[in-house]
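*Asks:* Next up, start_12.pdb (PDB, C-alpha atoms and all ligand atoms).
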```
ATOM      1  CA  VAL H  30      -4.261 -23.668  -2.432  1.00  0.00           C
ATOM      2  CA  ILE H  31      -3.714 -25.118   1.032  1.00  0.00           C
ATOM      3  CA  GLN H  32      -6.082 -23.798   3.710  1.00  0.00           C
ATOM      4  CA  CYS H  33      -4.181 -23.118   6.905  1.00  0.00           C
ATOM      5  CA  PHE H  34      -6.286 -20.689   8.875  1.00  0.00           C
ATOM      6  CA  SER H  35      -4.685 -18.149  11.166  1.00  0.00           C
ATOM      7  CA  PRO H  36      -6.496 -16.906  14.277  1.00  0.00           C
ATOM      8  CA  ASN H  37      -5.041 -13.431  13.659  1.00  0.00           C
ATOM      9  CA  TRP H  38      -7.815 -11.430  11.996  1.00  0.00           C
ATOM     10  CA  ASN H  39     -10.883  -9.339  12.779  1.00  0.00           C
ATOM     11  CA  GLU H  40     -13.792  -7.841  10.843  1.00  0.00           C
ATOM     12  CA  ARG H  41     -13.183  -5.030   8.366  1.00  0.00           C
ATOM     13  CA  PRO H  42     -14.956  -1.824   9.408  1.00  0.00           C
ATOM     14  CA  PRO H  43     -18.367  -1.416   7.692  1.00  0.00           C
ATOM     15  CA  GLY H  44     -18.152   0.220   4.263  1.00  0.00           C
ATOM     16  CA  CYS H  45     -14.465  -0.577   3.691  1.00  0.00           C
ATOM     17  CA  ASP H  46     -14.164  -1.925   0.153  1.00  0.00           C
ATOM     18  CA  ILE H  47     -11.065  -3.901  -0.787  1.00  0.00           C
ATOM     19  CA  ASP H  48      -9.071  -1.893  -3.348  1.00  0.00           C
ATOM     20  CA  LEU H  49      -5.414  -2.523  -2.464  1.00  0.00           C
ATOM     21  CA  VAL H  50      -3.072  -5.510  -2.635  1.00  0.00           C
ATOM     22  CA  VAL H  51      -0.017  -5.251  -0.379  1.00  0.00           C
ATOM     23  CA  LEU H  52       2.981  -7.478  -1.107  1.00  0.00           C
ATOM     24  CA  HIS H  53       5.495  -8.501   1.538  1.00  0.00           C
ATOM     25  CA  TYR H  54       8.420 -10.804   1.998  1.00  0.00           C
ATOM     26  CA  THR H  55       8.448 -12.987   5.089  1.00  0.00           C
ATOM     27  CA  GLY H  56      11.987 -11.975   6.126  1.00  0.00           C
ATOM     28  CA  MET H  57      12.632 -15.227   8.004  1.00  0.00           C
ATOM     29  CA  GLN H  58      15.079 -18.090   7.415  1.00  0.00           C
ATOM     30  CA  THR H  59      12.421 -20.569   6.223  1.00  0.00           C
ATOM     31  CA  GLY H  60       8.836 -20.674   5.005  1.00  0.00           C
ATOM     32  CA  ASP H  61       7.877 -23.087   7.825  1.00  0.00           C
ATOM     33  CA  GLU H  62       9.070 -20.617  10.414  1.00  0.00           C
ATOM     34  CA  ALA H  63       7.113 -17.812   8.742  1.00  0.00           C
ATOM     35  CA  LEU H  64       3.947 -19.921   8.514  1.00  0.00           C
ATOM     36  CA  ALA H  65       4.180 -20.785  12.218  1.00  0.00           C
ATOM     37  CA  ARG H  66       4.540 -17.111  13.126  1.00  0.00           C
ATOM     38  CA  LEU H  67       1.664 -15.990  10.877  1.00  0.00           C
ATOM     39  CA  CYS H  68      -0.589 -18.515  12.666  1.00  0.00           C
ATOM     40  CA  ASP H  69       0.670 -17.890  16.219  1.00  0.00           C
ATOM     41  CA  PRO H  70      -1.968 -16.038  18.270  1.00  0.00           C
ATOM     42  CA  GLU H  71       0.774 -14.431  20.381  1.00  0.00           C
ATOM     43  CA  ALA H  72       2.518 -12.913  17.354  1.00  0.00           C
ATOM     44  CA  GLU H  73      -0.671 -11.065  16.329  1.00  0.00           C
ATOM     45  CA  VAL H  74       0.384 -10.921  12.669  1.00  0.00           C
ATOM     46  CA  SER H  75      -1.096 -12.548   9.581  1.00  0.00           C
ATOM     47  CA  ALA H  76      -1.742 -12.149   5.867  1.00  0.00           C
ATOM     48  CA  HIS H  77      -4.447 -13.446   3.554  1.00  0.00           C
ATOM     49  CA  TYR H  78      -1.981 -15.563   1.573  1.00  0.00           C
ATOM     50  CA  MET H  79       1.549 -16.873   1.904  1.00  0.00           C
ATOM     51  CA  ILE H  80       3.382 -18.161  -1.161  1.00  0.00           C
ATOM     52  CA  GLU H  81       6.371 -20.490  -0.846  1.00  0.00           C
ATOM     53  CA  GLU H  82       9.398 -20.292  -3.128  1.00  0.00           C
ATOM     54  CA  ASP H  83       8.262 -23.550  -4.815  1.00  0.00           C
ATOM     55  CA  GLY H  84       4.915 -21.931  -5.655  1.00  0.00           C
ATOM     56  CA  THR H  85       2.767 -23.545  -2.918  1.00  0.00           C
ATOM     57  CA  VAL H  86      -0.007 -21.156  -1.897  1.00  0.00           C
ATOM     58  CA  PHE H  87      -1.394 -21.079   1.645  1.00  0.00           C
ATOM     59  CA  GLN H  88      -4.589 -19.221   2.451  1.00  0.00           C
ATOM     60  CA  LEU H  89      -4.456 -18.009   6.060  1.00  0.00           C
ATOM     61  CA  VAL H  90      -7.327 -15.504   6.305  1.00  0.00           C
ATOM     62  CA  PRO H  91     -10.477 -15.243   4.116  1.00  0.00           C
ATOM     63  CA  GLU H  92     -10.356 -12.175   1.850  1.00  0.00           C
ATOM     64  CA  GLU H  93     -13.439 -10.578   3.373  1.00  0.00           C
ATOM     65  CA  LYS H  94     -11.809 -10.537   6.838  1.00  0.00           C
ATOM     66  CA  ARG H  95      -9.187  -8.030   7.995  1.00  0.00           C
ATOM     67  CA  ALA H  96      -5.708  -9.597   8.226  1.00  0.00           C
ATOM     68  CA  TRP H  97      -2.893  -7.994  10.232  1.00  0.00           C
ATOM     69  CA  HIS H  98       0.020  -7.346   7.895  1.00  0.00           C
ATOM     70  CA  ALA H  99       0.406  -3.619   7.284  1.00  0.00           C
ATOM     71  CA  GLY H 100       0.808  -2.026  10.721  1.00  0.00           C
ATOM     72  CA  VAL H 101       1.082   1.767  10.826  1.00  0.00           C
ATOM     73  CA  SER H 102       0.623   2.651   7.173  1.00  0.00           C
ATOM     74  CA  SER H 103      -0.933   5.028   4.660  1.00  0.00           C
ATOM     75  CA  TRP H 104      -1.664   5.224   0.935  1.00  0.00           C
ATOM     76  CA  CYS H 105      -3.767   7.621  -1.160  1.00  0.00           C
ATOM     77  CA  GLY H 106      -4.623   9.713   1.878  1.00  0.00           C
ATOM     78  CA  ARG H 107      -5.927   6.822   3.982  1.00  0.00           C
ATOM     79  CA  ASP H 108      -4.343   5.359   7.111  1.00  0.00           C
ATOM     80  CA  ASN H 109      -4.698   1.841   8.487  1.00  0.00           C
ATOM     81  CA  ILE H 110      -4.261   0.007   5.215  1.00  0.00           C
ATOM     82  CA  ASN H 111      -5.329  -3.333   6.765  1.00  0.00           C
ATOM     83  CA  HIS H 112      -8.919  -2.068   6.467  1.00  0.00           C
ATOM     84  CA  TYR H 113      -8.818  -1.897   2.657  1.00  0.00           C
ATOM     85  CA  SER H 114      -6.229  -4.398   1.542  1.00  0.00           C
ATOM     86  CA  ILE H 115      -5.409  -8.001   0.823  1.00  0.00           C
ATOM     87  CA  GLY H 116      -1.975  -8.921   2.173  1.00  0.00           C
ATOM     88  CA  ILE H 117       0.269 -11.464   0.463  1.00  0.00           C
ATOM     89  CA  GLU H 118       3.479 -12.770   2.037  1.00  0.00           C
ATOM     90  CA  LEU H 119       6.147 -14.134  -0.296  1.00  0.00           C
ATOM     91  CA  VAL H 120       8.653 -16.457   1.321  1.00  0.00           C
ATOM     92  CA  ASN H 121      12.108 -14.860   1.074  1.00  0.00           C
ATOM     93  CA  PRO H 122      14.764 -14.486   3.781  1.00  0.00           C
ATOM     94  CA  GLY H 123      14.768 -10.742   3.137  1.00  0.00           C
ATOM     95  CA  HIS H 124      17.533  -8.188   3.552  1.00  0.00           C
ATOM     96  CA  GLU H 125      18.385  -9.472   7.034  1.00  0.00           C
ATOM     97  CA  PHE H 126      18.925 -13.191   6.259  1.00  0.00           C
ATOM     98  CA  GLY H 127      20.114 -13.321   2.633  1.00  0.00           C
ATOM     99  CA  TYR H 128      17.830 -11.502   0.220  1.00  0.00           C
ATOM    100  CA  ARG H 129      17.502 -13.373  -3.069  1.00  0.00           C
ATOM    101  CA  ALA H 130      15.532 -13.382  -6.320  1.00  0.00           C
ATOM    102  CA  PHE H 131      11.907 -14.537  -6.238  1.00  0.00           C
ATOM    103  CA  PRO H 132      11.777 -17.824  -8.239  1.00  0.00           C
ATOM    104  CA  ASP H 133       9.567 -18.060 -11.354  1.00  0.00           C
ATOM    105  CA  ARG H 134       7.344 -20.701  -9.747  1.00  0.00           C
ATOM    106  CA  GLN H 135       6.615 -18.361  -6.841  1.00  0.00           C
ATOM    107  CA  ILE H 136       5.781 -15.468  -9.190  1.00  0.00           C
ATOM    108  CA  ASP H 137       3.590 -17.716 -11.386  1.00  0.00           C
ATOM    109  CA  SER H 138       1.552 -18.686  -8.314  1.00  0.00           C
ATOM    110  CA  LEU H 139       1.340 -15.038  -7.286  1.00  0.00           C
ATOM    111  CA  LEU H 140      -0.030 -14.121 -10.731  1.00  0.00           C
ATOM    112  CA  GLU H 141      -2.746 -16.763 -10.307  1.00  0.00           C
ATOM    113  CA  VAL H 142      -3.675 -15.426  -6.875  1.00  0.00           C
ATOM    114  CA  LEU H 143      -3.759 -11.864  -8.258  1.00  0.00           C
ATOM    115  CA  ALA H 144      -5.996 -12.898 -11.160  1.00  0.00           C
ATOM    116  CA  GLY H 145      -8.469 -14.324  -8.653  1.00  0.00           C
ATOM    117  CA  ILE H 146      -8.367 -11.162  -6.546  1.00  0.00           C
ATOM    118  CA  LYS H 147      -8.848  -8.977  -9.625  1.00  0.00           C
ATOM    119  CA  SER H 148     -11.949 -10.975 -10.595  1.00  0.00           C
ATOM    120  CA  ARG H 149     -13.497 -10.365  -7.171  1.00  0.00           C
ATOM    121  CA  HIS H 150     -12.460  -6.755  -6.369  1.00  0.00           C
ATOM    122  CA  PHE H 151     -11.722  -3.528  -8.230  1.00  0.00           C
ATOM    123  CA  ILE H 152      -8.017  -2.744  -7.737  1.00  0.00           C
ATOM    124  CA  PRO H 153      -6.850   0.509  -9.414  1.00  0.00           C
ATOM    125  CA  CYS H 154      -3.506   0.633 -11.250  1.00  0.00           C
ATOM    126  CA  ASN H 155      -1.752   2.164  -8.229  1.00  0.00           C
ATOM    127  CA  GLY H 156      -3.374  -0.346  -5.903  1.00  0.00           C
ATOM    128  CA  TYR H 157      -0.680  -3.040  -6.273  1.00  0.00           C
ATOM    129  CA  ILE H 158       1.903  -1.913  -3.763  1.00  0.00           C
ATOM    130  CA  GLY H 159       4.636  -3.085  -1.439  1.00  0.00           C
ATOM    131  CA  HIS H 160       4.863  -2.815   2.327  1.00  0.00           C
ATOM    132  CA  SER H 161       7.651  -0.247   1.844  1.00  0.00           C
ATOM    133  CA  ASP H 162       5.310   1.966  -0.212  1.00  0.00           C
ATOM    134  CA  ILE H 163       2.822   2.293   2.642  1.00  0.00           C
ATOM    135  CA  ALA H 164       5.393   2.457   5.479  1.00  0.00           C
ATOM    136  CA  PRO H 165       8.593   3.857   3.912  1.00  0.00           C
ATOM    137  CA  ASP H 166      10.106   4.890   7.237  1.00  0.00           C
ATOM    138  CA  ARG H 167       9.865   1.348   8.704  1.00  0.00           C
ATOM    139  CA  LYS H 168       9.829  -1.239   5.939  1.00  0.00           C
ATOM    140  CA  THR H 169      11.899  -2.349   2.932  1.00  0.00           C
ATOM    141  CA  ASP H 170       9.842  -5.325   1.711  1.00  0.00           C
ATOM    142  CA  PRO H 171       9.334  -6.793  -0.850  1.00  0.00           C
ATOM    143  CA  GLY H 172      12.484  -4.948  -2.015  1.00  0.00           C
ATOM    144  CA  GLU H 173      14.364  -4.140  -5.200  1.00  0.00           C
ATOM    145  CA  LEU H 174      14.450  -7.744  -6.501  1.00  0.00           C
ATOM    146  CA  PHE H 175      10.682  -8.074  -6.614  1.00  0.00           C
ATOM    147  CA  PRO H 176       9.612  -8.210 -10.314  1.00  0.00           C
ATOM    148  CA  TRP H 177       6.956  -5.478 -10.448  1.00  0.00           C
ATOM    149  CA  HIS H 178       7.488  -5.262 -14.233  1.00  0.00           C
ATOM    150  CA  ILE H 179       6.147  -8.820 -14.678  1.00  0.00           C
ATOM    151  CA  LEU H 180       3.031  -7.926 -12.701  1.00  0.00           C
ATOM    152  CA  SER H 181       2.456  -4.805 -14.752  1.00  0.00           C
ATOM    153  CA  LYS H 182       2.904  -6.760 -18.005  1.00  0.00           C
ATOM    154  CA  GLU H 183       0.144  -9.112 -16.824  1.00  0.00           C
ATOM    155  CA  GLY H 184      -2.200  -6.229 -16.016  1.00  0.00           C
ATOM    156  CA  PHE H 185      -1.493  -5.727 -12.320  1.00  0.00           C
ATOM    157  CA  GLY H 186      -0.236  -2.173 -11.745  1.00  0.00           C
ATOM    158  CA  VAL H 187       1.881   0.188 -13.840  1.00  0.00           C
ATOM    159  CA  CYS H 188       5.572   0.537 -14.609  1.00  0.00           C
ATOM    160  CA  ALA H 189       7.470   3.339 -16.337  1.00  0.00           C
ATOM    161  CA  ASP H 190       8.778   2.948 -19.888  1.00  0.00           C
ATOM    162  CA  THR H 191      12.106   4.525 -19.023  1.00  0.00           C
ATOM    163  CA  GLU H 192      14.848   2.830 -16.999  1.00  0.00           C
ATOM    164  CA  GLY H 193      16.057   6.111 -15.472  1.00  0.00           C
ATOM    165  CA  HIS H 194      19.752   5.294 -15.171  1.00  0.00           C
ATOM    166  CA  SER H 195      21.168   8.811 -14.667  1.00  0.00           C
ATOM    167  CA  GLN H 196      22.306   9.450 -11.118  1.00  0.00           C
ATOM    168  CA  THR H 197      22.882  13.208 -11.380  1.00  0.00           C
ATOM    169  CA  VAL H 198      21.429  14.448  -8.102  1.00  0.00           C
ATOM    170  CA  LEU H 199      18.693  17.106  -8.356  1.00  0.00           C
ATOM    171  CA  LEU H 200      18.107  17.765  -4.642  1.00  0.00           C
ATOM    172  CA  ARG H 201      20.746  17.685  -1.936  1.00  0.00           C
ATOM    173  CA  ASP H 202      20.302  17.446   1.829  1.00  0.00           C
ATOM    174  CA  GLY H 203      18.604  20.530   3.264  1.00  0.00           C
ATOM    175  CA  GLU H 204      17.354  21.749  -0.122  1.00  0.00           C
ATOM    176  CA  SER H 205      13.732  22.824  -0.596  1.00  0.00           C
ATOM    177  CA  GLY H 206      11.895  25.070  -3.073  1.00  0.00           C
ATOM    178  CA  ALA H 207       9.959  24.388  -6.260  1.00  0.00           C
ATOM    179  CA  GLU H 208      11.772  21.155  -7.221  1.00  0.00           C
ATOM    180  CA  PHE H 209      11.209  19.711  -3.728  1.00  0.00           C
ATOM    181  CA  GLU H 210       7.523  20.661  -3.831  1.00  0.00           C
ATOM    182  CA  LYS H 211       7.064  19.111  -7.261  1.00  0.00           C
ATOM    183  CA  LEU H 212       8.715  15.878  -6.083  1.00  0.00           C
ATOM    184  CA  ASN H 213       6.309  15.678  -3.146  1.00  0.00           C
ATOM    185  CA  MET H 214       3.275  16.484  -5.308  1.00  0.00           C
ATOM    186  CA  ASP H 215       4.180  13.818  -7.856  1.00  0.00           C
ATOM    187  CA  LEU H 216       4.803  11.182  -5.171  1.00  0.00           C
ATOM    188  CA  ALA H 217       1.484  12.088  -3.521  1.00  0.00           C
ATOM    189  CA  MET H 218      -0.272  11.676  -6.856  1.00  0.00           C
ATOM    190  CA  LEU H 219       0.990   8.100  -7.065  1.00  0.00           C
ATOM    191  CA  GLY H 220      -0.357   7.482  -3.561  1.00  0.00           C
ATOM    192  CA  TYR H 221       2.555   8.103  -1.199  1.00  0.00           C
ATOM    193  CA  SER H 222       2.012   9.879   2.073  1.00  0.00           C
ATOM    194  CA  ILE H 223       4.366  12.878   2.235  1.00  0.00           C
ATOM    195  CA  PRO H 224       6.471  13.434   5.384  1.00  0.00           C
ATOM    196  CA  SER H 225       6.192  16.768   7.175  1.00  0.00           C
ATOM    197  CA  GLU H 226       9.858  17.614   6.469  1.00  0.00           C
ATOM    198  CA  GLU H 227      10.390  21.147   5.122  1.00  0.00           C
ATOM    199  CA  ALA H 228      13.514  20.229   3.159  1.00  0.00           C
ATOM    200  CA  VAL H 229      15.343  17.085   2.058  1.00  0.00           C
ATOM    201  CA  GLY H 230      16.180  15.037   5.171  1.00  0.00           C
ATOM    202  CA  PRO H 231      15.975  11.450   6.473  1.00  0.00           C
ATOM    203  CA  ALA H 232      12.231  11.044   5.860  1.00  0.00           C
ATOM    204  CA  THR H 233      12.558  12.244   2.249  1.00  0.00           C
ATOM    205  CA  HIS H 234      15.455   9.823   1.660  1.00  0.00           C
ATOM    206  CA  ALA H 235      13.368   6.944   3.050  1.00  0.00           C
ATOM    207  CA  LEU H 236      10.485   7.932   0.806  1.00  0.00           C
ATOM    208  CA  ILE H 237      12.682   8.125  -2.309  1.00  0.00           C
ATOM    209  CA  SER H 238      14.263   4.740  -1.460  1.00  0.00           C
ATOM    210  CA  ALA H 239      10.773   3.221  -1.230  1.00  0.00           C
ATOM    211  CA  PHE H 240       9.839   4.752  -4.586  1.00  0.00           C
ATOM    212  CA  GLN H 241      13.050   3.497  -6.197  1.00  0.00           C
ATOM    213  CA  SER H 242      12.810  -0.039  -4.814  1.00  0.00           C
ATOM    214  CA  HIS H 243       9.422  -0.322  -6.563  1.00  0.00           C
ATOM    215  CA  TRP H 244       9.806   1.735  -9.752  1.00  0.00           C
ATOM    216  CA  ARG H 245      13.529   2.374 -10.357  1.00  0.00           C
ATOM    217  CA  GLN H 246      15.068  -0.799  -9.036  1.00  0.00           C
ATOM    218  CA  SER H 247      18.439  -0.590 -10.806  1.00  0.00           C
ATOM    219  CA  ARG H 248      19.669   2.115  -8.411  1.00  0.00           C
ATOM    220  CA  VAL H 249      18.144   2.466  -4.952  1.00  0.00           C
ATOM    221  CA  THR H 250      20.052   5.415  -3.499  1.00  0.00           C
ATOM    222  CA  GLY H 251      17.481   7.456  -1.579  1.00  0.00           C
ATOM    223  CA  TYR H 252      18.487  10.490  -3.661  1.00  0.00           C
ATOM    224  CA  TYR H 253      16.271  12.351  -6.104  1.00  0.00           C
ATOM    225  CA  ASP H 254      18.277  12.221  -9.321  1.00  0.00           C
ATOM    226  CA  VAL H 255      17.625  12.756 -13.045  1.00  0.00           C
ATOM    227  CA  GLY H 256      16.726   9.096 -13.657  1.00  0.00           C
ATOM    228  CA  THR H 257      14.311   8.958 -10.731  1.00  0.00           C
ATOM    229  CA  ALA H 258      12.677  12.178 -11.944  1.00  0.00           C
ATOM    230  CA  ALA H 259      12.204  10.696 -15.435  1.00  0.00           C
ATOM    231  CA  VAL H 260      10.584   7.534 -14.054  1.00  0.00           C
ATOM    232  CA  LEU H 261       8.343   9.528 -11.742  1.00  0.00           C
ATOM    233  CA  SER H 262       7.102  11.915 -14.436  1.00  0.00           C
ATOM    234  CA  ASP H 263       6.422   8.995 -16.799  1.00  0.00           C
ATOM    235  CA  LEU H 264       4.325   7.310 -14.094  1.00  0.00           C
ATOM    236  CA  VAL H 265       2.426  10.501 -13.276  1.00  0.00           C
ATOM    237  CA  GLU H 266       1.592  10.917 -16.963  1.00  0.00           C
ATOM    238  CA  LYS H 267       0.342   7.323 -17.213  1.00  0.00           C
ATOM    239  CA  MET H 268      -1.782   7.703 -14.083  1.00  0.00           C
ATOM    240  CA  GLN H 269      -3.352  10.861 -15.508  1.00  0.00           C
ATOM    241  CA  GLU H 270      -4.130   9.110 -18.784  1.00  0.00           C
ATOM    242  CA  ILE H 271      -5.764   6.212 -16.947  1.00  0.00           C
ATOM    243  CA  ARG H 272      -7.812   8.584 -14.798  1.00  0.00           C
ATOM    244  CA  ASN H 273      -8.978  10.535 -17.858  1.00  0.00           C
ATOM    245  CA  LEU H 274     -10.108   7.321 -19.539  1.00  0.00           C
ATOM    246  CA  ARG H 275     -12.298   6.341 -16.620  1.00  0.00           C
TER     247      ARG H 275
HETATM  248 ZN    ZN V   1       5.890  -6.621   5.290  1.00  0.00          ZN
END
```
Take the structure in the file and give it back as structure tokens.
*Replies:*
Amino acid sequence: VIQCFSPNWNERPPGCDIDLVVLHYTGMQTGDEALARLCDPEAEVSAHYMIEEDGTVFQLVPEEKRAWHAGVSSWCGRDNINHYSIGIELVNPGHEFGYRAFPDRQIDSLLEVLAGIKSRHFIPCNGYIGHSDIAPDRKTDPGELFPWHILSKEGFGVCADTEGHSQTVLLRDGESGAEFEKLNMDLAMLGYSIPSEEAVGPATHALISAFQSHWRQSRVTGYYDVGTAAVLSDLVEKMQEIRNLR
């Protein structure tokens, strides 16, 4: 791990335990460019770690300090996710500059960083999340190519057992009612913050896209369909089981 300290951090508020890990992609042409920005006092952004595509790990901010990666965000009923989280940036050009698969060496290094974090902090199974999960209306990183299933296999987070391929739409634009309420309740149980929309509209589509790019990556449509519903109910069941065991 290469220490490359960023000036962009402050203290966590008293009593804020670390219980979330937020994954990002850098969304810039090169890792060098991203590293320069994450350490530039004028940019006012940072993360605790940045991991290059070749697997090199940079530590930019000590874990106990508050890094500036999440922005306006919420998860499990709490806002300001920077208070509670460790932020990890994965070098990838992102959807704007040529989104591509995350190489094995990069993911292997990430797994090592996560194992260290897990040994130091209690992270619940829905505490390994992407930037898009906590800010679905603004962010799409780390995106549908990020291998969440590998993380879950190694004990970091949960994945559904079903692939959820069916694209038969269950809720169309402007629809509300019991199905819409159940969708929102299930998403809230996973941790998502529910938009104040009274029926399916742009905010609901953004939320469903965020859910799909994490848990139903084969088809990110923004629509609530049969496959998405199957994945979501499988996850809700698993979360309930885990909570009952505790
Ligand atoms: Zn991000």
*Asks:* Please check which protein, DNA or RNA residues sit within 6 Å of ligand ZN 1 (chain V), counting all atoms listed in the file, and write them as a list of chain:residue names.
*Replies:* H:His53, H:Tyr54, H:His160, H:Asp170
*Asks:* Can you work out which one of H:Phe131, H:Trp177, H:Tyr157, H:Tyr78 has the shortest atom-to-atom distance to H:Gln246, counting all atoms listed in the file?
*Replies:* H:Trp177
*Asks:* Using only C-alpha atoms, give me every residue within 12 Å of (9.9, 22.1, 7.8) in file coordinates, as number ranges by chain.
*Replies:* H: 203-206, 209-210, 224-230, 232-233
*Asks:* Taking all atoms listed in the file into account, name the residue in H:Thr55, H:Val187, H:Ile271, H:Gly193 that is nearest to H:Phe126.
*Replies:*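 For H:Phe126, the nearest of the given residues is H:Thr55.
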*Asks:* Carefully work through the PyMOL selection byres (((chain H and resi 174) around 9) and not hetatm) for this structure and note down the residues it includes, as an MDAnalysis selection string.
*Replies:* chainID H and resid 128:131 171:173 175:177 242:243 246
*Asks:* Could you tell me how far atom CA of H:His124 lies from atom CA of H:Lys168, in Å and to one decimal?
*Replies:*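 It comes out at 10.6 Å.
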*Asks:* May I have the residues within 12 Å of stretch 268-270 of chain H as number ranges by chain, using all atoms listed in the file and disregarding those fewer than 2 positions away in the same chain?
*Replies:* H: 153-156, 186-189, 215-220, 261-266, 272-275
*Asks:* What is the distance between atom CA of H:Gly106 and atom CA of H:Ser222, in Å to one decimal?
*Replies:*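 Separation between atom CA of H:Gly106 and atom CA of H:Ser222: 6.6 Å.
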*Asks:* Taking 2 positions as the minimum chain separation for residues in the same chain, which residues sit within 6 Å of H:Cys68 when counting all atoms listed in the file? Answer as an MDAnalysis selection string.
*Replies:* chainID H and resid 35 65:66
*Asks:* Find the residues around stretch 38-47 of chain H up to 8 Å (only C-alpha atoms counted), leave out those fewer than 6 positions away in its own chain, and share them as a list of chain:residue names.
*Replies:* H:Ser75, H:Val90, H:Glu93, H:Lys94, H:Arg95, H:Ala96, H:Trp97, H:His112, H:Tyr113, H:Ser114, H:Ile115, H:His150, H:Phe151, H:Ile152
